[in-house]
Amino acid sequence: MADAHADVSKHVRVYWIVFGALIVGTTLTVVVANIDLGHTTNLVLALMIAAAKGTLVAAIFMHLKWERSASVWISLGLCAVLFTVLMTLPVLTVNDYPPGVKHDRTGSWDMLPATTVVEHEGGH
Amino acid sequence: MSSELLPYTVKPHPVTGVYSGKLGVWLFLASEVMLFGAFFSAYILLKVGAPLEGPAHWPLHSERHMSWMIGGFNTLVLIISSVTMVMAWVSLKSGNFGKARMLLGATVALAVLFLVIKITMEYIPHWRDGLTTNTSNFWGIYYTMTGLHGVHILGGIVVISYFIGPGSKLWHENPEYYTNRIECTGLYWHFVDLVWIFLFPTLYLMS
């Protein structure tokens with residue numbers, strides 16, 4: 001019990017450091033979002049800061065840094081793979097139109113259909 | 001419930017290397033990642049496919065009537081609640097049940113504050129402005145994602161309150177078992193915080 005107490009006491013300092021880092025990260029997210037660096041740069045920076053904050057929460061507060069169980073890591077590894085697939089799906093489907101069909105996003109939904117068939121030159 | 005009925009509530013299971021409750025919570029959280037992941041995926045799909053003009057267009061940041069200060073303050077509230085939660089576990093590990101109970105109470109208070117701010121300063125004014133789930137795809141997915149997150153906050157309040165109240169009897173019967181249950185509750189609570197860390201920039205800051 002005394003050893004466990006000593007171990008936990010060592011963690012407390014790390015918890016406060018992570019708390020500070022999360023506050024700094026949140027402030028940084030807001031500051032970066034209010035500077036116009038271009039849509040893509042702003043998006044990537046915001047997601048990178050969020051990912052860093054999320055990693056800190058998972059590693060330290062959720063004790064993954066000290067987790068040695070293969071069962072937990074295998075479950076989370078499988079979850080990470082499936083999550084990646086889930087995030088990739090919109091990217092794969094957004095431009096997935098049959099040949100000859102072009103998506104037009106300039107119209108509103110009142111003007112549907114927003115997809116148009118492109119006529120082949122020298123058609124039948 | 002005695003540990004004879006539920007084996008490996010304190011000592012690690014010889015096969016998995018962790019006590020059974022912890023593995024169970026991690027498997028549950030893996031399913032939660034997929035649940036929220038599906039909504040984030042839907043958000044991206046709806047955003048990139050939305051018309052650029054017209055009533056169904058994706059609203060710009062300035063059109064959303066959402067204050068980053070409210071969202072940022074709520075982020076702070078959840079981060080502090082994560083600290084109080086982990087400190088409650090530390091207190092139990094040190095044998096200080098009174099302090100742990102106080103910290104768990106603070107976690108519940110912060111969770112309630114989060115929901116009160118979300119409902120009174122955002123949901124109600126948005127609804128009064130006519131920004132409902134039917135307004136556009138953005139508002140539909142906004143209410144779905146933040147609502148689902150809110151339900152998780154509510155679930156956390158119920159579970160933590162149980163361990164402050166009737167569930168605290170376990171501390172006097174089996175302190176290690178009680179400490180492990182608080183660790184499992186903490187895993188869930190930190191996950192709820194983690195989801196908000198991604199929801200905040202996605203909904204409040206990105207155009």
# chains A, B, ... in the order shown; residues from 1 in each chain; ligands from 1
>>> closest_atom_pairs(of="chain B", to="chain A", cutoff="8 Å", atoms="only C-alpha atoms", output="Markdown table")
| residue | atom | partner | partner_atom | distance |
| --- | --- | --- | --- | --- |
| B:Thr16 | CA | A:Ser71 | CA | 5.5 |
| B:Gly17 | CA | A:Ser69 | CA | 5.2 |
| B:Val18 | CA | A:Ser69 | CA | 6.4 |
| B:Leu23 | CA | A:Val72 | CA | 6.4 |
| B:Trp26 | CA | A:Val72 | CA | 6.7 |
| B:Leu27 | CA | A:Ser75 | CA | 6.7 |
| B:Ala30 | CA | A:Cys79 | CA | 5.8 |
| B:Ser31 | CA | A:Cys79 | CA | 7.9 |
| B:Val33 | CA | A:Phe83 | CA | 7.4 |
| B:Met34 | CA | A:Phe83 | CA | 6.3 |
| B:Gly37 | CA | A:Phe83 | CA | 6.3 |
| B:Ala38 | CA | A:Leu86 | CA | 6.5 |
| B:Phe40 | CA | A:Met87 | CA | 7.6 |
| B:Ser41 | CA | A:Met87 | CA | 5.3 |
| B:Ala42 | CA | A:Pro90 | CA | 7.6 |
| B:Ile44 | CA | A:Pro90 | CA | 6.5 |
| B:Leu45 | CA | A:Pro90 | CA | 5.0 |
| B:Val48 | CA | A:Val94 | CA | 7.2 |
| B:Gly49 | CA | A:Val94 | CA | 6.9 |
| B:Ala50 | CA | A:Arg105 | CA | 7.0 |
| B:Pro51 | CA | A:Arg105 | CA | 4.7 |
| B:Leu52 | CA | A:Thr106 | CA | 5.3 |
| B:Glu53 | CA | A:Ser108 | CA | 5.4 |
| B:Gly54 | CA | A:Ser108 | CA | 4.5 |
| B:Pro55 | CA | A:Ser108 | CA | 7.0 |
| B:Ala56 | CA | A:Trp109 | CA | 6.4 |
| B:His57 | CA | A:Ser108 | CA | 7.2 |
| B:Trp68 | CA | A:Val30 | CA | 7.6 |
| B:Gly72 | CA | A:Thr26 | CA | 7.3 |
| B:Thr75 | CA | A:Thr26 | CA | 7.7 |
| B:Leu76 | CA | A:Ile23 | CA | 7.1 |
| B:Ile79 | CA | A:Phe19 | CA | 7.2 |
| B:Ile80 | CA | A:Phe19 | CA | 7.7 |
| B:Ser82 | CA | A:Phe61 | CA | 7.6 |
| B:Val83 | CA | A:Phe19 | CA | 7.0 |
| B:Val86 | CA | A:Phe61 | CA | 6.5 |
| B:Met87 | CA | A:Val12 | CA | 7.7 |
| B:Val90 | CA | A:Val8 | CA | 6.2 |
| B:Lys93 | CA | A:His5 | CA | 6.3 |
| B:Ser94 | CA | A:His5 | CA | 5.4 |
| B:Gly186 | CA | A:Met62 | CA | 7.5 |
| B:Leu187 | CA | A:Met62 | CA | 5.5 |
| B:His190 | CA | A:Met62 | CA | 6.7 |
| B:Phe191 | CA | A:Ala58 | CA | 7.7 |
| B:Leu194 | CA | A:Gly54 | CA | 5.5 |
| B:Ile197 | CA | A:Ala50 | CA | 6.0 |
| B:Phe198 | CA | A:Ala50 | CA | 5.8 |
| B:Pro201 | CA | A:Ala46 | CA | 6.5 |
| B:Leu205 | CA | A:Ala33 | CA | 6.0 |
| B:Met206 | CA | A:Leu43 | CA | 6.8 |
>>> atom_distance(atom1="atom CA of Glu32 of chain B", atom2="atom CA of Tyr204 of chain B")
22.4 Å
>>> atom_distance(atom1="atom CA of Thr9 of chain B", atom2="atom CA of Asn174 of chain B")
10.3 Å
>>> residues_around(residues="Val108 of chain B", least_positions_apart="3", cutoff="12 Å", atoms="only C-alpha atoms", output="PyMOL selection string")
chain B and resi 77-78+80-82+84-85+88+101-105+111-115+153-164+189
>>> atom_distance(atom1="atom CA of Trp89 of chain B", atom2="atom CA of Asn74 of chain B")
23.0 Å
>>> closest_residue(among="B:Ser168, B:Asn180, B:Thr146, B:Asn96", to="Glu122 of chain B", atoms="only C-alpha atoms")
B:Thr146
>>> select_by_dssp(residues="segment 49-158 of chain B", states="helix (DSSP H, G or I)", output="PyMOL selection string")
chain B and resi 49+61-63+68-93+97-128+137-158
